file run-v8.cif (mmCIF, C-alpha atoms)
data_run
loop_
_atom_site.label_atom_id
_atom_site.label_comp_id
_atom_site.auth_asym_id
_atom_site.auth_seq_id
_atom_site.Cartn_x
_atom_site.Cartn_y
_atom_site.Cartn_z
CA MET A 1 46.94 123.27 61.97
CA ALA A 2 50.66 124.11 62.10
CA LYS A 3 51.36 122.21 65.28
CA ASP A 4 54.91 123.58 65.55
CA LEU A 5 53.93 127.30 65.56
CA ALA A 6 52.83 129.49 68.47
CA ILE A 7 51.85 133.16 68.53
CA VAL A 8 53.69 135.00 71.32
CA LEU A 9 52.74 138.46 72.58
CA ASN A 10 55.97 140.21 73.51
CA ASN A 11 56.46 143.78 74.78
CA GLY A 12 60.15 143.60 75.60
CA SER A 13 59.58 142.92 79.31
CA ILE A 14 60.93 140.21 81.60
CA ASN A 15 57.58 138.41 81.55
CA SER A 16 57.54 138.47 77.76
CA ALA A 17 61.09 137.11 77.55
CA VAL A 18 60.28 134.23 79.89
CA ALA A 19 56.98 133.42 78.13
CA THR A 20 58.77 133.45 74.76
CA ALA A 21 61.54 131.21 76.10
CA LEU A 22 58.95 128.72 77.39
CA ALA A 23 57.03 128.80 74.11
CA SER A 24 60.28 128.22 72.19
CA GLN A 25 60.88 124.99 74.08
CA LYS A 26 57.90 123.45 72.31
CA TYR A 27 57.09 125.64 69.29
CA ARG A 28 58.57 127.92 66.66
CA PRO A 29 57.41 131.36 67.83
CA VAL A 30 55.68 134.04 65.80
CA MET A 31 56.34 137.16 67.88
CA LEU A 32 53.91 140.10 68.03
CA TYR A 33 54.69 143.55 69.43
CA ALA A 34 51.95 146.16 69.92
CA GLU A 35 53.20 149.62 68.88
CA ILE A 36 50.98 151.80 71.06
CA THR A 37 53.05 154.96 71.41
CA GLN A 38 54.70 156.54 68.40
CA ARG A 39 57.75 157.86 70.24
CA PRO A 40 60.96 157.30 68.25
CA GLY A 41 63.61 155.23 69.99
CA SER A 42 61.23 153.44 72.35
CA ARG A 43 63.20 151.36 74.83
CA THR A 44 60.55 148.62 74.96
CA ARG A 45 60.62 148.40 71.15
CA ALA A 46 64.42 148.18 71.27
CA ALA A 47 64.21 145.38 73.86
CA TYR A 48 61.70 143.54 71.67
CA GLU A 49 64.03 143.80 68.68
CA GLN A 50 66.91 142.47 70.78
CA GLN A 51 64.75 139.52 71.79
CA ILE A 52 64.02 138.88 68.11
CA GLN A 53 67.75 138.55 67.54
CA HIS A 54 67.95 136.10 70.43
CA PHE A 55 64.94 133.89 69.66
CA LYS A 56 65.10 134.10 65.84
CA PRO A 57 61.33 133.57 65.48
CA TYR A 58 59.63 132.00 62.49
CA ARG A 59 58.01 135.40 61.86
CA GLU A 60 57.59 138.67 63.74
CA HIS A 61 55.05 141.46 63.36
CA ILE A 62 54.60 144.99 64.69
CA LEU A 63 50.95 145.73 65.48
CA GLN A 64 50.21 149.42 64.96
CA MET A 65 47.75 150.33 67.73
CA PRO A 66 48.16 154.10 68.34
CA PHE A 67 44.47 154.41 69.20
CA LEU A 68 45.23 152.73 72.54
CA ASP A 69 47.66 155.48 73.56
CA ALA A 70 44.85 157.96 74.19
CA LEU A 71 43.11 155.48 76.48
CA GLN A 72 46.04 154.54 78.70
CA GLY A 73 45.78 157.53 81.00
CA SER A 74 42.10 156.91 81.69
CA THR A 75 42.43 153.48 83.31
CA ALA A 76 41.66 153.10 86.97
CA SER A 77 44.92 151.27 87.49
CA GLN A 78 47.11 154.35 87.12
CA SER A 79 46.90 155.53 90.74
CA VAL A 80 47.31 152.03 92.11
CA MET A 81 50.27 151.21 89.88
CA SER A 82 52.17 154.30 91.08
CA ASP A 83 52.91 152.46 94.32
CA PRO A 84 55.06 149.32 93.82
CA ARG A 85 53.83 147.90 97.13
CA MET A 86 50.28 147.60 95.77
CA PRO A 87 49.16 145.17 93.05
CA ALA A 88 47.82 146.55 89.81
CA ALA A 89 44.04 146.65 89.47
CA LEU A 90 43.03 143.50 87.65
CA SER A 91 40.10 144.75 85.55
CA PRO A 92 42.03 147.47 83.64
CA MET A 93 44.86 144.99 83.07
CA LEU A 94 42.51 142.43 81.53
CA GLN A 95 40.82 145.13 79.46
CA GLU A 96 44.20 146.08 77.98
CA PHE A 97 44.65 142.48 76.82
CA LEU A 98 41.37 142.44 74.87
CA PRO A 99 42.65 143.98 71.60
CA LEU A 100 45.98 142.15 71.94
CA LEU A 101 44.34 138.74 72.25
CA SER A 102 42.03 139.54 69.37
CA ALA A 103 45.01 140.37 67.16
CA ALA A 104 46.90 137.29 68.36
CA ALA A 105 43.90 135.11 67.51
CA ARG A 106 43.73 136.53 63.99
CA TYR A 107 47.42 135.82 63.44
CA ALA A 108 46.96 132.35 64.91
CA SER A 109 44.22 131.72 62.35
CA HIS A 110 46.43 133.03 59.53
CA TYR A 111 49.40 130.85 60.49
CA GLN A 112 47.21 127.98 61.67
CA ALA A 113 49.19 128.11 64.92
CA ALA A 114 48.59 125.65 67.72
CA ALA A 115 48.90 128.08 70.63
CA ILE A 116 48.95 131.67 71.86
CA TYR A 117 51.40 132.59 74.63
CA LEU A 118 51.23 135.70 76.80
CA GLY A 119 53.19 136.84 79.83
CA LEU A 120 50.17 137.72 81.99
CA ARG A 121 51.07 137.32 85.67
CA ILE A 122 48.68 137.62 88.61
CA GLY A 123 50.39 135.70 91.40
CA GLY A 124 48.83 133.52 94.04
CA GLN A 125 46.06 135.96 94.98
CA GLY A 126 42.95 133.79 95.28
CA GLU A 127 40.08 135.90 93.93
CA GLU A 128 42.08 137.75 91.29
CA LEU A 129 43.75 134.54 90.14
CA ALA A 130 40.33 132.90 89.80
CA ARG A 131 39.03 135.86 87.76
CA ALA A 132 42.05 135.83 85.45
CA THR A 133 41.76 132.07 84.98
CA GLU A 134 38.09 132.42 84.07
CA TYR A 135 39.00 135.23 81.64
CA LEU A 136 41.41 132.94 79.79
CA GLN A 137 38.94 130.06 79.81
CA ILE A 138 36.27 132.28 78.24
CA TRP A 139 38.71 133.36 75.54
CA SER A 140 39.62 129.75 74.84
CA GLU A 141 35.98 128.75 74.51
CA LEU A 142 35.27 131.74 72.25
CA LEU A 143 38.11 130.87 69.90
CA GLN A 144 37.52 127.13 69.88
CA LEU A 145 33.75 127.06 69.46
CA PRO A 146 32.19 130.11 67.75
CA CYS A 147 35.41 131.04 65.92
CA GLY A 148 36.13 127.48 64.83
CA LEU A 149 39.76 127.40 66.05
CA GLN A 150 39.10 124.16 67.83
CA GLU A 151 42.68 123.12 68.50
CA LEU A 152 44.04 126.56 69.44
CA GLU A 153 45.19 126.83 73.06
CA ILE A 154 45.94 129.94 75.13
CA HIS A 155 48.88 129.63 77.51
CA ALA A 156 49.74 132.03 80.33
CA PRO A 157 52.55 130.03 81.97
CA LEU A 158 53.42 132.78 84.47
CA LEU A 159 49.87 133.39 85.68
CA GLU A 160 50.22 131.96 89.20
CA LEU A 161 53.84 132.96 89.81
CA GLU A 162 55.33 135.65 92.03
CA PRO A 163 57.93 137.97 90.43
CA TRP A 164 60.88 136.10 91.95
CA GLN A 165 59.48 132.81 90.66
CA VAL A 166 59.34 134.29 87.15
CA ILE A 167 63.07 135.01 87.45
CA ASP A 168 63.72 131.45 88.64
CA VAL A 169 61.75 129.94 85.74
CA GLY A 170 63.44 132.31 83.32
CA VAL A 171 66.90 131.23 84.44
CA GLN A 172 65.92 127.59 83.89
CA ALA A 173 64.52 128.42 80.44
CA ALA A 174 67.57 130.53 79.49
CA ALA A 175 65.47 133.68 79.00
CA PRO A 176 67.57 136.65 77.80
CA PHE A 177 67.10 138.97 80.79
CA GLU A 178 69.83 141.27 79.47
CA ARG A 179 67.55 141.97 76.50
CA THR A 180 64.57 143.16 78.54
CA TRP A 181 63.45 146.61 79.68
CA SER A 182 61.68 147.32 82.98
CA CYS A 183 62.39 151.03 83.51
CA LEU A 184 59.51 153.48 83.17
CA GLU A 185 61.89 156.11 81.81
CA GLU A 186 63.11 156.33 78.23
CA GLY A 187 66.77 156.98 78.99
CA SER A 188 69.71 155.17 77.48
CA GLU A 189 70.21 153.34 80.80
CA PRO A 190 67.74 152.15 83.47
CA CYS A 191 67.24 154.75 86.21
CA TRP A 192 67.08 152.07 88.97
CA ALA A 193 64.78 154.38 90.94
CA CYS A 194 61.34 154.09 89.30
CA ARG A 195 58.65 151.57 90.21
CA GLY A 196 59.62 149.27 87.33
CA CYS A 197 63.31 149.24 88.20
CA ARG A 198 62.66 148.70 91.92
CA ALA A 199 60.28 145.82 91.19
CA ARG A 200 62.87 144.26 88.90
CA GLU A 201 65.63 144.62 91.47
CA SER A 202 63.43 143.11 94.20
CA ALA A 203 62.51 140.13 92.01
CA PHE A 204 66.15 139.26 91.26
CA GLN A 205 67.14 139.72 94.90
CA GLN A 206 64.35 137.46 96.17
CA ALA A 207 65.26 134.85 93.56
CA GLY A 208 68.89 135.00 94.66
CA LYS A 209 70.02 135.60 91.07
CA PRO A 210 72.20 138.36 89.60
CA ASP A 211 70.51 140.71 87.15
CA PRO A 212 72.50 140.50 83.88
CA MET A 213 71.77 144.16 83.18
CA ARG A 214 73.44 145.13 86.45
CA VAL A 215 76.39 142.83 85.75
CA VAL A 216 76.84 144.12 82.19
CA ARG A 217 76.78 147.76 83.35
CA LYS A 218 79.47 147.06 85.98
CA LEU A 219 81.91 145.44 83.53
#
call {"tool": "encode", "arguments": {"input": "run-v8.cif", "output": "structure tokens"}}
result
Amino acid sequence: MAKDLAIVLNNGSINSAVATALASQKYRPVMLYAEITQRPGSRTRAAYEQQIQHFKPYREHILQMPFLDALQGSTASQSVMSDPRMPAALSPMLQEFLPLLSAAARYASHYQAAAIYLGLRIGGQGEELARATEYLQIWSELLQLPCGLQELEIHAPLLELEPWQVIDVGVQAAAPFERTWSCLEEGSEPCWACRGCRARESAFQQAGKPDPMRVVRKL
């Protein structure tokens, strides 16, 4: 077991940046990015590559998963997620993590890593938090017992946090917020009008912290 290595799922988002920063405090990260869409110049891919430059991981891998692209529009969460005031449906979110965790576990076995980190965040919602916690516990038991990865741990350090708390933790961990992408558009600059941009802006405002992307654009 390579006790100094951790597999980190990273999609270029704020949550991914904070989870990677936390993992880097204890381990050398091996970063994984799932390439679901094949659009050239993807902004999330660009943010991931910028985070690679920041964290300088032990290794990094692009997971080619185009088969998932055809399934994204069929999830029940799409209508719910169109309104930023409503939480995303939990079940489709956890289903989306199934192939990602499977891939992360295989890489963990290859590198003999001690941990898997992911930026899954539910917040303090009682029933959904309990379901997500059970989901991670089941994965841990599956990997440790039947799969024989007895010392492998799954960490979701942001699971119980609210968005503003993620920002607060990220500031303390020196997460590179300026190298993240939250916008749902694929423009050269964030639109600051979509659900992703509004949620990002709200999180920074509630945390009482300046968004580096806003500051950089103003300079």
call {"tool": "atom_distance", "arguments": {"input": "run-v8.cif", "atom1": "CA of Arg198 (chain A)", "atom2": "CA of Val171 (chain A)"}}
result
19.5 Å
call {"tool": "resolve_selection", "arguments": {"input": "run-v8.cif", "expression": "the PyMOL selection byres ((chain A and resi 28) around 9)", "output": "number ranges by chain"}}
result
A: 4-7, 23-27, 29-30, 57-59
call {"tool": "residues_around", "arguments": {"input": "run-v8.cif", "residues": "Glu151 (chain A)", "least_positions_apart": "3", "cutoff": "10 Å", "atoms": "all atoms listed in the file", "output": "PyMOL selection string"}}
result
chain A and resi 1+3+112-115+140+143-145+148
call {"tool": "closest_residue", "arguments": {"input": "run-v8.cif", "among": "A:Glu60, A:Lys209, A:Leu184, A:Leu159", "to": "Ser42 (chain A)", "atoms": "all atoms listed in the file"}}
result
A:Leu184
call {"tool": "resolve_selection", "arguments": {"input": "run-v8.cif", "expression": "the PyMOL selection byres ((chain A and resi 13) around 8)", "output": "PyMOL selection string"}}
result
chain A and resi 10-12+14-17+44+47-48+180-182
call {"tool": "atom_distance", "arguments": {"input": "run-v8.cif", "atom1": "CA of Asp211 (chain A)", "atom2": "CA of Pro190 (chain A)"}}
result
12.3 Å
